[in-house]
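A.B. asks: What follows is the file query_33.txt, containing compact mmCIF, C-alpha atoms:
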# COMPACT_ATOMS: atom_id res chain seq x y z
CA MET A 257 -98.38 -128.74 0.77
CA SER A 258 -95.87 -125.89 0.97
CA SER A 259 -94.61 -124.33 -2.28
CA ILE A 260 -91.58 -122.01 -2.30
CA GLY A 261 -90.68 -119.97 -5.39
CA GLY A 262 -89.01 -116.80 -6.59
CA TRP A 263 -90.15 -113.90 -8.72
CA TYR A 264 -87.26 -114.73 -11.11
CA ASP A 265 -87.51 -118.52 -10.80
CA ILE A 266 -88.06 -120.49 -14.02
CA PHE A 267 -90.80 -122.59 -12.37
CA LEU A 268 -92.87 -119.74 -10.89
CA PRO A 269 -95.94 -119.69 -13.21
CA GLY A 270 -96.48 -123.43 -12.75
CA GLN A 271 -96.12 -123.16 -8.98
CA LEU A 272 -98.69 -120.37 -8.82
CA ARG A 273 -101.09 -122.32 -11.02
CA ASP A 274 -100.74 -125.45 -8.90
CA PHE A 275 -101.24 -123.52 -5.66
CA ARG A 276 -104.39 -121.89 -6.99
CA VAL A 277 -105.82 -125.26 -8.10
CA LEU A 278 -105.12 -126.76 -4.68
CA GLN A 279 -106.63 -123.82 -2.83
CA GLU A 280 -109.76 -123.80 -5.00
CA ALA A 281 -110.13 -127.54 -4.34
CA GLY A 282 -110.02 -126.93 -0.59
CA THR A 283 -106.67 -128.68 -0.12
CA PRO A 284 -104.55 -127.12 2.66
CA ALA A 285 -101.61 -125.40 0.98
CA ARG A 286 -99.33 -122.48 1.52
CA LEU A 287 -97.20 -120.41 -0.82
CA THR A 288 -94.01 -118.42 -0.28
CA VAL A 289 -92.48 -116.29 -3.07
CA GLY A 290 -89.30 -114.28 -2.54
CA PRO A 291 -87.06 -112.06 -4.71
CA TRP A 292 -85.07 -115.08 -5.83
CA THR A 293 -83.87 -116.80 -8.97
CA HIS A 294 -83.72 -120.59 -9.23
CA LEU A 295 -80.03 -120.48 -8.30
CA SER A 296 -80.28 -118.05 -5.38
CA PHE A 297 -78.45 -119.04 -2.20
CA ASP A 298 -80.68 -117.34 0.34
CA PRO A 299 -81.09 -119.30 3.61
CA LEU A 300 -84.73 -118.28 4.05
CA PRO A 301 -86.20 -120.91 1.65
CA GLN A 302 -84.35 -123.64 3.56
CA HIS A 303 -85.64 -122.33 6.89
CA GLU A 304 -89.18 -122.13 5.49
CA ALA A 305 -88.97 -125.70 4.14
CA LEU A 306 -87.68 -127.09 7.43
CA GLU A 307 -90.27 -125.21 9.47
CA PHE A 308 -92.95 -126.94 7.42
CA ALA A 309 -91.40 -130.35 6.78
CA LEU A 310 -90.01 -131.29 10.20
CA PRO A 311 -93.38 -131.15 12.02
CA CYS A 312 -94.94 -133.14 9.16
CA ALA A 313 -92.21 -135.79 9.54
CA ARG A 314 -93.07 -136.05 13.24
CA GLY A 315 -96.78 -136.37 12.52
CA GLU A 316 -97.45 -132.86 13.83
CA ARG A 317 -99.04 -129.81 12.26
CA PRO A 318 -96.71 -127.06 10.99
CA PRO A 319 -96.97 -123.65 12.69
CA GLU A 320 -99.99 -121.62 11.61
CA ARG A 321 -99.36 -118.78 9.14
CA ALA A 322 -101.10 -117.02 6.28
CA ALA A 323 -101.72 -119.11 3.18
CA VAL A 324 -99.69 -116.75 0.99
CA ARG A 325 -96.50 -114.92 1.96
CA LEU A 326 -95.02 -112.65 -0.73
CA TYR A 327 -91.93 -110.49 -0.86
CA VAL A 328 -93.07 -107.17 -2.34
CA MET A 329 -90.16 -105.79 -4.30
CA GLY A 330 -89.74 -102.03 -4.26
CA GLU A 331 -91.19 -102.00 -0.77
CA GLU A 332 -88.56 -104.67 0.09
CA ALA A 333 -90.84 -106.25 2.68
CA TRP A 334 -92.73 -109.51 3.29
CA ARG A 335 -96.54 -109.36 3.24
CA ASP A 336 -99.19 -111.96 4.05
CA PHE A 337 -102.31 -112.66 1.97
CA GLU A 338 -105.02 -115.31 1.94
CA SER A 339 -104.99 -116.24 -1.75
CA TRP A 340 -103.22 -115.95 -5.09
CA PRO A 341 -103.82 -113.64 -6.79
CA PRO A 342 -104.73 -111.54 -3.73
CA PRO A 343 -108.02 -109.63 -3.79
CA GLY A 344 -108.15 -105.87 -4.14
CA TYR A 345 -105.94 -105.52 -7.22
CA SER A 346 -107.74 -104.44 -10.40
CA PRO A 347 -106.43 -104.45 -13.99
CA ARG A 348 -105.23 -101.00 -15.01
CA ARG A 349 -104.06 -100.14 -18.51
CA PHE A 350 -100.99 -98.00 -19.09
CA HIS A 351 -100.92 -97.01 -22.76
CA LEU A 352 -97.86 -96.47 -24.91
CA GLN A 353 -97.68 -92.80 -25.86
CA PRO A 354 -95.93 -90.65 -28.49
CA ALA A 355 -92.34 -89.61 -27.72
CA GLY A 356 -91.81 -92.57 -25.40
CA GLY A 357 -94.50 -91.76 -22.86
CA LEU A 358 -96.60 -94.17 -20.80
CA ALA A 359 -99.93 -93.12 -19.26
CA PRO A 360 -103.48 -94.36 -18.55
CA ALA A 361 -104.98 -92.16 -21.29
CA VAL A 362 -105.35 -93.51 -24.83
CA PRO A 363 -103.38 -91.33 -27.29
CA THR A 364 -105.60 -89.76 -29.93
CA HIS A 365 -103.02 -89.86 -32.71
CA ALA A 366 -99.44 -91.04 -33.01
CA GLU A 367 -97.17 -92.33 -35.72
CA PRO A 368 -95.86 -95.85 -35.11
CA ASP A 369 -92.43 -96.35 -33.62
CA ALA A 370 -89.95 -98.47 -35.53
CA TYR A 371 -86.79 -100.47 -34.92
CA ARG A 372 -84.69 -103.02 -36.78
CA TYR A 373 -84.06 -106.51 -35.37
CA ASP A 374 -80.98 -108.35 -36.61
CA PRO A 375 -80.70 -111.97 -35.42
CA ALA A 376 -76.97 -111.84 -36.21
CA ASP A 377 -76.72 -109.20 -33.44
CA PRO A 378 -79.64 -110.31 -31.26
CA THR A 379 -81.12 -108.13 -28.53
CA PRO A 380 -79.45 -109.56 -25.40
CA ALA A 381 -81.03 -110.74 -22.18
CA ALA A 382 -80.23 -108.58 -19.16
CA GLY A 383 -80.99 -110.20 -15.81
CA GLY A 384 -84.45 -111.68 -15.57
CA VAL A 385 -85.53 -115.32 -15.39
CA ARG A 386 -82.42 -117.31 -16.30
CA MET A 387 -80.23 -120.09 -14.92
CA VAL A 388 -77.13 -117.91 -14.67
CA ARG A 389 -75.40 -115.99 -11.90
CA ASP A 390 -76.43 -112.52 -13.12
CA ALA A 391 -80.15 -113.40 -13.37
CA GLY A 392 -82.83 -111.54 -11.42
CA ARG A 393 -82.94 -107.80 -10.90
CA GLY A 394 -80.35 -105.70 -12.71
CA ASP A 395 -79.50 -102.39 -14.34
CA ASN A 396 -81.16 -102.17 -17.77
CA ARG A 397 -79.72 -98.86 -18.96
CA ALA A 398 -77.20 -100.40 -21.36
CA LEU A 399 -79.93 -102.60 -22.86
CA GLU A 400 -82.31 -99.65 -23.23
CA ALA A 401 -79.63 -97.64 -25.06
CA ARG A 402 -79.70 -100.10 -27.97
CA ASP A 403 -81.40 -99.09 -31.22
CA ASP A 404 -83.46 -102.30 -31.23
CA VAL A 405 -85.19 -101.56 -27.90
CA LEU A 406 -88.13 -99.14 -27.53
CA THR A 407 -88.94 -97.67 -24.12
CA TYR A 408 -92.11 -95.98 -22.80
CA THR A 409 -92.01 -94.28 -19.41
CA THR A 410 -94.52 -92.58 -17.11
CA ASP A 411 -94.05 -89.19 -15.53
CA VAL A 412 -92.57 -89.22 -12.04
CA LEU A 413 -95.10 -90.90 -9.73
CA SER A 414 -96.75 -88.62 -7.18
CA ARG A 415 -97.72 -91.61 -5.02
CA ASP A 416 -96.80 -95.26 -4.59
CA VAL A 417 -98.35 -97.70 -7.06
CA GLU A 418 -98.51 -101.34 -5.94
CA VAL A 419 -98.70 -104.14 -8.52
CA ILE A 420 -99.41 -107.71 -7.37
CA GLY A 421 -100.69 -110.46 -9.65
CA GLU A 422 -100.64 -111.46 -13.31
CA VAL A 423 -99.18 -108.97 -15.82
CA SER A 424 -99.93 -108.85 -19.55
CA ALA A 425 -99.52 -106.58 -22.54
CA GLU A 426 -101.36 -105.86 -25.78
CA ILE A 427 -98.98 -104.62 -28.47
CA TRP A 428 -100.14 -103.58 -31.93
CA PHE A 429 -97.23 -104.90 -33.96
CA ARG A 430 -96.19 -105.44 -37.56
CA SER A 431 -92.97 -106.83 -39.03
CA SER A 432 -91.49 -106.77 -42.51
CA LEU A 433 -91.28 -110.57 -42.12
CA ALA A 434 -93.98 -113.15 -41.48
CA HIS A 435 -92.10 -114.60 -38.49
CA ALA A 436 -91.07 -112.41 -35.55
CA ASP A 437 -91.01 -112.19 -31.75
CA VAL A 438 -92.43 -109.54 -29.44
CA PHE A 439 -90.67 -109.13 -26.09
CA VAL A 440 -92.14 -106.87 -23.39
CA ARG A 441 -90.46 -105.97 -20.10
CA LEU A 442 -91.71 -103.96 -17.11
CA CYS A 443 -89.10 -101.86 -15.29
CA ASP A 444 -88.85 -99.57 -12.27
CA VAL A 445 -86.88 -96.38 -12.93
CA GLY A 446 -85.40 -94.75 -9.84
CA PRO A 447 -84.87 -91.04 -9.20
CA ARG A 448 -81.31 -91.25 -10.56
CA GLY A 449 -82.41 -92.95 -13.78
CA ARG A 450 -81.43 -96.54 -12.98
CA SER A 451 -83.91 -98.88 -14.71
CA VAL A 452 -84.44 -102.22 -12.94
CA ASN A 453 -86.34 -105.10 -14.54
CA VAL A 454 -89.46 -106.31 -12.71
CA CYS A 455 -90.95 -108.93 -15.06
CA ASP A 456 -91.18 -109.74 -18.76
CA GLY A 457 -92.47 -112.10 -21.42
CA LEU A 458 -92.15 -113.03 -25.10
CA VAL A 459 -94.53 -114.27 -27.79
CA SER A 460 -93.55 -115.72 -31.16
CA VAL A 461 -95.79 -114.56 -34.01
CA THR A 462 -96.60 -116.19 -37.33
CA GLY A 463 -98.22 -113.82 -39.80
CA ALA A 464 -96.30 -110.96 -38.20
CA ASP A 465 -96.30 -109.03 -41.49
CA GLU A 466 -99.98 -108.25 -40.85
CA LEU A 467 -100.73 -105.47 -38.35
CA ALA A 468 -102.53 -106.98 -35.37
CA CYS A 469 -102.74 -106.86 -31.59
CA ARG A 470 -100.25 -109.30 -30.07
CA GLN A 471 -101.04 -110.64 -26.60
CA VAL A 472 -97.96 -111.01 -24.41
CA ARG A 473 -98.13 -112.74 -21.03
CA LEU A 474 -95.46 -111.48 -18.65
CA TRP A 475 -94.17 -113.19 -15.51
CA PRO A 476 -96.33 -112.63 -12.39
CA THR A 477 -94.94 -110.18 -9.85
CA ALA A 478 -95.34 -108.29 -6.59
CA HIS A 479 -93.75 -104.86 -6.82
CA ARG A 480 -94.31 -101.42 -5.37
CA PHE A 481 -93.33 -98.49 -7.58
CA ARG A 482 -92.36 -95.81 -5.08
CA ARG A 483 -93.33 -92.17 -5.20
CA GLY A 484 -90.60 -90.34 -7.11
CA HIS A 485 -89.96 -93.37 -9.35
CA ARG A 486 -91.30 -94.01 -12.85
CA ILE A 487 -92.86 -97.06 -14.54
CA ARG A 488 -91.22 -98.12 -17.79
CA VAL A 489 -92.11 -100.62 -20.52
CA GLN A 490 -89.57 -102.00 -22.99
CA VAL A 491 -90.61 -103.43 -26.35
CA SER A 492 -88.14 -105.37 -28.49
CA SER A 493 -87.89 -108.61 -30.45
CA GLY A 494 -85.61 -110.75 -28.36
CA ALA A 495 -83.78 -111.56 -25.13
CA PHE A 496 -80.92 -113.81 -26.22
CA PRO A 497 -79.90 -116.39 -25.00
CA ARG A 498 -82.87 -116.69 -22.63
CA TYR A 499 -85.02 -117.03 -25.75
CA ALA A 500 -83.59 -118.47 -28.95
CA ARG A 501 -83.25 -115.74 -31.55
CA ASN A 502 -85.93 -115.71 -34.21
CA PRO A 503 -84.21 -116.11 -37.63
CA GLY A 504 -87.22 -114.60 -39.41
CA THR A 505 -87.45 -117.46 -41.90
CA GLY A 506 -89.97 -119.73 -40.21
CA GLU A 507 -87.37 -122.49 -39.84
CA PRO A 508 -87.01 -124.22 -36.45
CA HIS A 509 -84.88 -122.02 -34.21
CA ALA A 510 -82.53 -124.87 -33.30
CA THR A 511 -81.62 -125.81 -36.87
CA ALA A 512 -82.09 -122.60 -38.90
CA VAL A 513 -79.10 -121.70 -41.08
CA ARG A 514 -80.38 -118.42 -42.56
CA MET A 515 -81.01 -115.20 -40.62
CA LEU A 516 -83.05 -112.29 -41.97
CA VAL A 517 -83.12 -108.72 -40.70
CA ALA A 518 -86.63 -107.50 -39.78
CA ASP A 519 -88.06 -103.99 -39.64
CA GLN A 520 -90.59 -103.81 -36.82
CA GLU A 521 -93.42 -101.35 -36.09
CA VAL A 522 -95.22 -100.69 -32.80
CA HIS A 523 -98.48 -98.77 -33.16
CA HIS A 524 -100.11 -96.77 -30.35
CA ASP A 525 -103.05 -94.61 -31.33
CA ALA A 526 -106.80 -94.44 -30.67
CA ALA A 527 -107.56 -97.25 -33.12
CA ARG A 528 -104.58 -99.38 -32.02
CA PRO A 529 -104.04 -98.70 -28.29
CA SER A 530 -100.96 -100.67 -27.24
CA ALA A 531 -100.80 -101.07 -23.46
CA ILE A 532 -99.43 -102.99 -20.52
CA ILE A 533 -102.10 -104.23 -18.09
CA LEU A 534 -101.08 -104.15 -14.44
CA PRO A 535 -103.01 -105.46 -11.41
CA VAL A 536 -102.89 -102.25 -9.37
CA ARG A 537 -103.79 -101.03 -5.95
CA ALA A 538 -102.65 -97.47 -5.38
CA ALA A 539 -100.91 -97.33 -2.00
CA ALA A 540 -101.20 -94.40 0.38
CA GLY A 541 -98.53 -91.92 -0.63
What does the file become when written as structure tokens?
C.D. replies:
Amino acid sequence: MSSIGGWYDIFLPGQLRDFRVLQEAGTPARLTVGPWTHLSFDPLPQHEALEFALPCARGERPPERAAVRLYVMGEEAWRDFESWPPPGYSPRRFHLQPAGGLAPAVPTHAEPDAYRYDPADPTPAAGGVRMVRDAGRGDNRALEARDDVLTYTTDVLSRDVEVIGEVSAEIWFRSSLAHADVFVRLCDVGPRGRSVNVCDGLVSVTGADELACRQVRLWPTAHRFRRGHRIRVQVSSGAFPRYARNPGTGEPHATAVRMLVADQEVHHDAARPSAIILPVRAAAG
């Protein structure tokens, strides 16, 4: 089996899960993931499919290649691996810091950050995993300028940091309402300040008016943060219309007729260490 996907394709997590199951079962399979959305018109996936399928149709074996071929964004290069996720990448926590910082160290003390989410003016989606023409990678500066989006950013990187695998976040969150969403996005900030989305995810929370650690599973990725760039995390409560806006009432999103404004808190201190967890291998600078 040959599976072809994109880092911004709506089917990617399922494809990666299926490939891993097949490989663990000893079934011959190969995986190709490029910097594509589901609607991308790049000729490479077609070439890859034909290179595999035509020999199979003739009763022949496809050309030998590595089991996993990934396009590493940031590096903008194809790399071969033997499995998904590839070995050699360990979970590393980057903690939300006071004054919008992001660093491995746990902050000793910090007041929570706050923002207001209004479903009548929902936080918009910008690029990302969507079935529209402007999906995929894009400039996030206008989104990050909104009052309902928090950002946390590292210092300028002194060496490349390579992230390949599953990405997750742990956000200590409380809302003024019992029903709320937590959206987390990972971005790469270039030397000139342009913030480009890498991957993201959203979790809907019931009992959100109680302070607790919310687990957010982001999209898998392969990305190299270059020396001179910075790693950024966004925290908000929506990405409309990719995700239906949360009305805050507990009613079904599709039929809700009331919308309530929510005041949200994100905590990041020694007792409540909010963080994004990245599968990291530091590359030679």
A.B. asks: Rounded to one decimal place, report the CA of Ala478 (chain A)-CA of Val461 (chain A) distance in Å.
C.D. replies: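 Taking CA of Ala478 (chain A) as the start and CA of Val461 (chain A) as the end point, the length is 28.1 Å.
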A.B. asks: Taking only C-alpha atoms into account, produce a table as CSV in which each residue of region 419-445 of chain A with an atom at most 9 Å from an atom of region 489-494 of chain A appears once, together with its shortest atom pair and the distance in Å to one decimal, ordered by chain and rising number.
C.D. replies:
residue,atom,partner,partner_atom,distance
A:Ile427,CA,A:Val491,CA,8.7
A:Ala436,CA,A:Ser493,CA,7.1
A:Asp437,CA,A:Ser493,CA,4.9
A:Val438,CA,A:Ser493,CA,4.7
A:Phe439,CA,A:Ser492,CA,5.1
A:Val440,CA,A:Val491,CA,4.8
A:Arg441,CA,A:Gln490,CA,5.0
A:Leu442,CA,A:Val489,CA,4.8
A:Cys443,CA,A:Val489,CA,6.2
A:Asp444,CA,A:Val489,CA,8.9
A.B. asks: Could you list, as a list in words, every residue within 10 Å of region 365-369 of chain A, counting only C-alpha atoms and ignoring same-chain residues fewer than 6 positions away?
C.D. replies: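 Here the answer would be Leu352, Gln353, Pro354, Ala355, Gly356, Leu406, Trp428, Phe429, Arg430, Gln520, Glu521, Val522, His523, His524, Asp525, Ala526, Ala527, Arg528 and Pro529 of chain A.
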A.B. asks: Taking into account only C-alpha atoms, which residue in the set A:Leu399, A:Ala323, A:Leu358, A:Val289 is nearest to Pro380 (chain A)?
C.D. replies: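 Comparing A:Leu399, A:Ala323, A:Leu358, A:Val289 against Pro380 (chain A), the winner is A:Leu399.
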A.B. asks: Go through A:Ala425, A:Arg372, A:Ile487, A:Arg349 and flag the residue nearest Thr410 (chain A), using all atoms listed in the file for the distances.
C.D. replies: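 Closest residue, counting all atoms listed in the file: A:Ile487.
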A.B. asks: Give me, as a VMD selection string, all polymer residues having an atom no more than 12 Å from Pro375 (chain A), counting all atoms listed in the file and skipping those fewer than 2 positions away in the same chain.
C.D. replies: chain A and resid 372 to 373 377 to 380 404 436 to 437 493 to 497 499 to 505 509 512 to 519
A.B. asks: Taking 3 positions as the minimum chain separation for residues in the same chain, which residues sit within 12 Å of region 330-333 of chain A when counting only C-alpha atoms? Answer as a ChimeraX atom specification.
C.D. replies: /A:289-291,325-327,336,393,416-420,443-446,452-454,477-483,485-487,539
A.B. asks: Take the residues that were just selected and, keeping C-alpha atoms, output them as a short mmCIF file (atom, residue, chain, number, x, y, z; two decimals), keeping the file's coordinate frame.
C.D. replies:
data_model
loop_
_atom_site.label_atom_id
_atom_site.label_comp_id
_atom_site.auth_asym_id
_atom_site.auth_seq_id
_atom_site.Cartn_x
_atom_site.Cartn_y
_atom_site.Cartn_z
CA VAL A 289 -92.48 -116.29 -3.07
CA GLY A 290 -89.30 -114.28 -2.54
CA PRO A 291 -87.06 -112.06 -4.71
CA ARG A 325 -96.50 -114.92 1.96
CA LEU A 326 -95.02 -112.65 -0.73
CA TYR A 327 -91.93 -110.49 -0.86
CA ASP A 336 -99.19 -111.96 4.05
CA ARG A 393 -82.94 -107.80 -10.90
CA ASP A 416 -96.80 -95.26 -4.59
CA VAL A 417 -98.35 -97.70 -7.06
CA GLU A 418 -98.51 -101.34 -5.94
CA VAL A 419 -98.70 -104.14 -8.52
CA ILE A 420 -99.41 -107.71 -7.37
CA CYS A 443 -89.10 -101.86 -15.29
CA ASP A 444 -88.85 -99.57 -12.27
CA VAL A 445 -86.88 -96.38 -12.93
CA GLY A 446 -85.40 -94.75 -9.84
CA VAL A 452 -84.44 -102.22 -12.94
CA ASN A 453 -86.34 -105.10 -14.54
CA VAL A 454 -89.46 -106.31 -12.71
CA THR A 477 -94.94 -110.18 -9.85
CA ALA A 478 -95.34 -108.29 -6.59
CA HIS A 479 -93.75 -104.86 -6.82
CA ARG A 480 -94.31 -101.42 -5.37
CA PHE A 481 -93.33 -98.49 -7.58
CA ARG A 482 -92.36 -95.81 -5.08
CA ARG A 483 -93.33 -92.17 -5.20
CA HIS A 485 -89.96 -93.37 -9.35
CA ARG A 486 -91.30 -94.01 -12.85
CA ILE A 487 -92.86 -97.06 -14.54
CA ALA A 539 -100.91 -97.33 -2.00
#
A.B. asks: I'd like to know which of A:Gln471, A:Ser424, A:Ser339, A:Ser296 is closest to Arg273 (chain A), using all atoms listed in the file.
C.D. replies: A:Ser339
